[in-house]
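Undergrad: Dropping the structure in here first, questions after.
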Amino acid sequence: MTEFKYKTWDEVEEGDVIAEFEMDITFRKVIQNVVATRDFFPGHHNPEYARAQGVENIYLNTFFYAGLIDRVVTDAFGPDVFIKRRKFRMLVPVPAESKIAVFGRVRRKFIINGKRTVLVDVSILRRDRHAQACVAEVLVEFPDAST
Amino acid sequence: MKLDKKKILEKYREEASFHGKLDYGTYEDALKFVGRTAKSEMEDPIDLFRVKQFCELVEDANLAYWDEEFAKRKWGAVPCPPAMLRVFVMRPIWRPKYYKKGRYSEWIAFKVPLPGDTVINVENEVTYHARFFVGDKLTAEEKVVDVSEEKDTALGKGHFITTVAYWRNQRGELVAEERNVIFRFKSRDEDD
């Protein structure tokens with residue numbers, strides 16, 4: 001079985017970079033987005049409608065960001081952590097035929113209500129525009145030390 | 001060539017009603033709408049295939065979703081990616097007339113009477129209280145809590161609508177509280 005190495009709460013340090021990768025947002029990716037979320041709002045599958053909305057092409061939906069943000073967290077800390085709160089703003093739409101860069105960093109490490117917690121910043125950039133597409137913060141709870 | 005945005009938005013008005021048919025009115029009408037509520041429930045329980053499709057999309061290798069044995073040992077069931085909260089109450093496009101399963105409210109943010117002819121989602125915040133799993137069936141109670149004054153943005157002029165939703169599982173346990181902000185706007189003309 002594949003060995004996974006995740007950071008434990010004790011190993012995490014404020015300022016740790018937990019993600020830095022790029023992803024091509026192909027036309028297929030945006031269609032995959034519709035298929036996986038069943039979000040048939042036309043901005044996500046109809047380029048003519050997207051353009052009439054002021055966006056260059058069909059674009060990613062809210063679920064995509066939420067899912068990608070959570071993935072950044074669990075890629076770093078493993079399946080046992082609990083996403084307690086995820087908050088994000090979408091600043092410019094990400095259309096098909098673009099590329100995103102994803103960055104994740106630990107902002108704070110603390111204990112809240114007895115829970116070993118970290119606060120993570122995730123930002124998603126549109127490479128072709130050098131623009132922030134999405135900024136997020138996630139509060140992540142680690143399992144109790146005894147488990 | 002000038003893009004006739006209004007005409008195109010009008011052409012797809014029916015399809016754009018997927019989340020709910022936009023209601024039109026003034027900002028004053030919208031303010032009177034604050035406090036309105038709506039309920040939704042899933043037609044069928046969360047299923048593993050949908051979970052995998054979602055993980056495939058964001059390329060999420062989390063063992064919790066791909067290794068059933070691992071997940072069952074840990075939690076007794078495969079957890080649902082928390083980001084999929086609203087995915088399972090997306091309204092159906094077609095069902096037979098006799099088919100009455102599930103309750104799909106129109107997304108209440110779409111029902112706020114305002115002048116804008118289209119929408120885009122801008123902000124989302126969810127606080128989770130418990131994991132939810134393949135096999136669970138969630139319900140949502142949603143409420144309009146705020147409508148902003150008119151704002152001018154790169155996309156056009158419009159209003160920001162804030163809603164909150166409370167998500168419960170089939171045992172009535174609160175699993176998540178969601179706050180969402182949607183921008184309802186008039187698309188900017190090319191020469192604006």
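To be explicit about the labels: the chains of the structure tokens are called A, B, and onward in the order shown, and within each one the residues are counted from 1, while ligands get numbers from 1 in the order they are shown.
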Which parts of chain A does DSSP call strand (DSSP E or B) when run on the backbone here, written out as a count of residues only?
TA: 58
Undergrad: Pick out the residues sitting within 7 Å of Phe27 in chain A, and hand them over as JSON, numbers by chain; count only C-alpha atoms, and ignore anything fewer than 4 positions along from it in its own chain.
TA: {"A": [31, 96, 97]}
Undergrad: Name all residues at most 6 Å from Ile182 in chain B (count only C-alpha atoms; drop same-chain ones fewer than 2 positions away) and give them as a list in words.
TA: Ile120, Asn121, Val122, Phe160 and Ile161 of chain B
Undergrad: Deliver the residues from the most recent selection as a file, using C-alpha atoms, as a PDB file, in the first residue's frame.
TA:
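Result file follows (again-v8.pdb):
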```pdb
ATOM      1  CA  ILE B 120     -22.685  35.499 -10.295  1.00  0.00           C
ATOM      2  CA  ASN B 121     -21.645  33.995  -6.983  1.00  0.00           C
ATOM      3  CA  VAL B 122     -18.978  35.941  -5.071  1.00  0.00           C
ATOM      4  CA  PHE B 160     -25.081  41.859  -3.277  1.00  0.00           C
ATOM      5  CA  ILE B 161     -27.519  39.374  -1.723  1.00  0.00           C
TER       6      ILE B 161
END
```
Undergrad: With 7 Å as the limit and counting only C-alpha atoms, what residues in chain B lie close to chain A? Please list them as a ChimeraX atom specification.
TA: /B:5,8-9,15-16,18-19,50,53-54,57-58,60,62-64,83-84,87,90,122-128,155,187
Undergrad: Just give me the gap between CA of Gln170 in chain B and CA of Asp136 in chain B in Å, one decimal is fine.
TA: 6.6 Å
Undergrad: Select, from A:Trp9, A:Ala101, A:Glu56, A:Ala19, the residue with the minimum atom-to-atom distance to Arg127 in chain A, counting only C-alpha atoms.
TA: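 Going through A:Trp9, A:Ala101, A:Glu56, A:Ala19 one by one, the smallest distance to Arg127 in chain A is for A:Ala101.
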Undergrad: So that I can check the secondary structure, give me every residue of range 19-75 of chain B assigned helix (DSSP H, G or I) by backbone DSSP, as a count of residues only.
TA: 30
Undergrad: Check the smallest atom-to-atom distance from each of B:Lys97, B:Arg168, B:Lys74, B:Lys111 to Glu141 in chain B using only C-alpha atoms, then report the winner.
TA: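 Looking at the shortest contact to Glu141 in chain B, the residue is B:Arg168.
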Undergrad: Of the candidates B:His129, B:Arg184, B:His159, B:Arg95, which shows the shortest atom-to-atom distance to Asp117 in chain B, using only C-alpha atoms?
TA: B:Arg184
Undergrad: Here is a test: counting only C-alpha atoms, which residue of B:Glu56, B:Glu150, B:Glu41, B:Asp4 is nearest to Glu106 in chain B?
TA: B:Glu41
Undergrad: Env of Lys109 in chain A: 7 Å cut, atoms = only C-alpha atoms, seq-sep filter 6 positions within chain, self excluded. Answer as a tab-separated table (two decimals) with C-alpha atoms, in the first residue's frame.
TA:
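To be explicit, this is the file written out as result-v9.tsv:
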```tsv
chain	number	residue	atom	x	y	z
A	14	GLU	CA	3.22	29.10	11.16
A	117	THR	CA	-6.25	23.96	15.20
A	118	VAL	CA	-4.52	25.70	12.32
A	119	LEU	CA	-5.67	28.57	10.15
```
